Amino acid sequence: MEALKKTATEQQTQTHHNQQTPFLLSALINSFSIYSCDPTPSAYSFIIKTLTQNSQFDQLPFVLDHIQNVENFEPPEQIFSHLIRVYGYANRIDDAVELFSRIPSFRCTPSALSLNALLSVLCKRKECLQMVYPVLLKAQVMGVRLEESSFRIIINALCKIKKIGYAIQMLEMMFEYGFDPDSTLYSCILSAMCKIKGISSVEVLGFFEVMRQKRFSLNMLDYTNVISLLVKVGKGMDSLGLLEDMKLDGIKPDVVVYTIVLDGVIASGEFNKAEELFDEMLVLGIVPDVQTYNVYLKGICMQDKFEAGFKLVFCMEELGCKPDVITYNTLIGALCKVGKVRRANEVLRKMRLKGFQENLHTYNMLIEGLVSEGEVVEACKLFEDMLNKGFVPMSFTCDVIIGGLCKKGLISQALQILKEMVKRDTTPGFSAWESLLSMSKMSLKEATSIDLVLS
DNA sequence: AGCTGGTCCC
């Protein structure tokens with residue numbers, strides 16, 4: 001073994017040409033035959049490690065063939081499970097799968113150790129997931145028994161690709177195998193469920209109920225996931241119940257949970273309840289952060305209480321919770337919505353003075369606000385300002401301006417915007433075409449101009 | 001894990 005290791009170290013500094021028997025393998029055979037003993041499994045382990053570390057994968061088949069056909073020892077399974085993982089890292093998926101199937105031919109009985117190695121390799125790659133099922137069938141034929149850890153790998157992979165139905169089936173299969181899946185598997189599925197868009201909240205709540213009946217100790221994330229889903233599907237008031245359950249469960253809701261629930265309550269227009277919730281939070285000693293204040297500010301603005309809104313922003317500064325772009329955007333958006341574009345513009349000026357850079361959202365809201373007030377020329381100025389600052393306009397915003405310009409009969413300016421869009425690879429929306437084409441007074445020359453842009 | 005409105009017609 002010492003002789004082999006010495007040879008292996010020397011070999012690294014030498015280059016050598018292709019031979020029938022690779023250098024390290026013959027070194028192994030020689031080193032042991034000098035002392036008239038047989039190579040040990042750990043000697044093979046050593047050269048396999050050396051070869052993989054040097055990325056000499058082309059030599060591995062010779063070594064494996066030698067173990068299979070010449071030696072008689074029963075190699076430990078770790079040699080193969082390790083090599084399967086290494087093949088995975090090297091992106092040699094077919095080699096990994098083939099080695100797994102071949103394990104019995106090495107006088108070794110494969111177990112979940114190798115199977116899990118292969119499953120991990122396959123589950124890490126989206127394009128390999130389709131191979132998981134055939135591998136499981138193969139494993140069954142080979143007499144490999146799935147372990148709890150095997151199920152864990154598969155369920156995690158299924159959750160990642162949002163195949164919740166299959167994940168639940170695997171969960172049920174675990175019972176058939178005599179395993180009792182723990183709460184982490186359920187949490188994993190629950191969290192994946194909540195991320196699926198268009199999932200029915202009834203289904204999620206049903207699953208959540210199963211978790212409760214199993215008397216799992218639910219964690220903060222479980223509650224947060226479900227609460228956030230309820231808010232997303234517009235059942236903000238239902239999230240209040242879960243907030244209570246959470247407290248009864250001994251979990252102290254944090255600022256994130258309160259912010260989500262507050263958002264849900266405000267979205268439902270229950271402003272009194274929102275006040276109550278905000279107070280409750282303060283009483284519990286939870287310090288609102290900028291995101292909480294932004295949600296709270298949205299509620300105030302929804303009630304058109306702009307003075308209170310400005311005051312809140314001032315208080316934030318006093319309390320050391322610096323407002324951010326979203327805070328100012330919330331004010332700007334609310335002001336534009338009720339036609340107070342002038343005041344919205346003042347907010348823009350103020351935020352710039354405070355050193356904040358407006359973003360795409362700020363421009364979108366102000367431009368739309370100006371257009372709906374009939375101030376198309378101002379809107380165009382702002383649009384230009386936005387382009388100069390390097391913002392990529394949203395097609396929606398362009399549509400709004402084109403609509404506004406057409407309404408005022410400013411067709412050539414509208415066409416200018418259209419050209420600007422085409423230049424930036426932005427596709428005009430339906431309403432932009434509608435505005436342009438509905439101009440019955442459009443002259444032939446301008447119609448041709450559209451033609452040119454289109455072609 | 002949470003905050004800003006966001007994209008055709010019906």
# chains A, B, ... in the order shown; residues from 1 in each chain; ligands from 1
>>> select_by_dssp(residues="stretch 36-65 of chain A", states="alpha helix (DSSP H)", output="count of residues only")
19
>>> residues_around(residues="stretch 5-7 of chain B", least_positions_apart="5", cutoff="8 Å", atoms="only C-alpha atoms (C1' of nucleotides)", output="JSON, numbers by chain")
{"A": [395, 396, 429]}
>>> write_last_selection(atoms="N, CA and C atoms", output="mmCIF file, in the first residue's frame")
data_model
loop_
_atom_site.group_PDB
_atom_site.id
_atom_site.type_symbol
_atom_site.label_atom_id
_atom_site.label_comp_id
_atom_site.auth_asym_id
_atom_site.auth_seq_id
_atom_site.Cartn_x
_atom_site.Cartn_y
_atom_site.Cartn_z
ATOM 1 N N SER A 395 -44.509 47.861 -21.488
ATOM 2 C CA SER A 395 -45.374 48.079 -22.645
ATOM 3 C C SER A 395 -46.675 48.755 -22.200
ATOM 4 N N PHE A 396 -47.106 48.395 -21.004
ATOM 5 C CA PHE A 396 -48.334 48.968 -20.465
ATOM 6 C C PHE A 396 -48.256 50.504 -20.377
ATOM 7 N N GLY A 429 -49.348 46.691 -26.475
ATOM 8 C CA GLY A 429 -50.506 45.883 -26.096
ATOM 9 C C GLY A 429 -51.706 46.186 -26.969
#
>>> closest_atom_pairs(of="chain A", to="chain B", cutoff="6 Å", atoms="only C-alpha atoms (C1' of nucleotides)", output="CSV")
residue,atom,partner,partner_atom,distance
A:Val256,CA,B:DG2,C1',4.9
A:Thr259,CA,B:DG2,C1',5.7
A:Ile260,CA,B:DG2,C1',5.3
A:Gln291,CA,B:DC3,C1',4.5
A:Asn294,CA,B:DC3,C1',5.6
A:Val295,CA,B:DC3,C1',5.7
A:Ile326,CA,B:DT4,C1',5.3
A:Asn329,CA,B:DT4,C1',5.9
A:Thr330,CA,B:DT4,C1',5.8
A:Phe396,CA,B:DT7,C1',5.5
A:Phe430,CA,B:DC8,C1',5.1
>>> write_last_selection(atoms="N, CA and C atoms", output="CSV table (one decimal), in the first residue's frame")
chain,number,residue,atom,x,y,z
A,256,VAL,N,-43.0,39.5,10.7
A,256,VAL,CA,-43.4,39.0,9.3
A,256,VAL,C,-44.8,38.6,9.3
A,259,THR,N,-47.2,41.4,9.6
A,259,THR,CA,-47.3,42.2,8.4
A,259,THR,C,-48.1,41.5,7.4
A,260,ILE,N,-48.0,40.2,7.2
A,260,ILE,CA,-48.8,39.5,6.3
A,260,ILE,C,-50.3,39.6,6.7
A,291,GLN,N,-41.4,47.4,6.2
A,291,GLN,CA,-42.5,46.7,5.4
A,291,GLN,C,-43.8,46.8,6.1
A,294,ASN,N,-45.2,50.2,5.6
A,294,ASN,CA,-45.6,50.4,4.2
A,294,ASN,C,-47.1,49.8,4.0
A,295,VAL,N,-47.3,48.6,4.6
A,295,VAL,CA,-48.6,48.1,4.6
A,295,VAL,C,-49.6,48.9,5.3
A,326,ILE,N,-40.5,52.2,-1.7
A,326,ILE,CA,-41.9,51.7,-1.7
A,326,ILE,C,-42.8,52.6,-0.8
A,329,ASN,N,-43.6,55.4,-3.0
A,329,ASN,CA,-44.5,54.9,-4.1
A,329,ASN,C,-45.9,54.7,-3.7
A,330,THR,N,-46.0,54.2,-2.4
A,330,THR,CA,-47.4,54.0,-1.9
A,330,THR,C,-48.1,55.3,-1.8
A,396,PHE,N,-47.1,48.4,-21.0
A,396,PHE,CA,-48.3,49.0,-20.5
A,396,PHE,C,-48.3,50.5,-20.4
A,430,PHE,N,-52.8,45.5,-26.7
A,430,PHE,CA,-54.0,45.6,-27.5
A,430,PHE,C,-54.5,47.1,-27.5
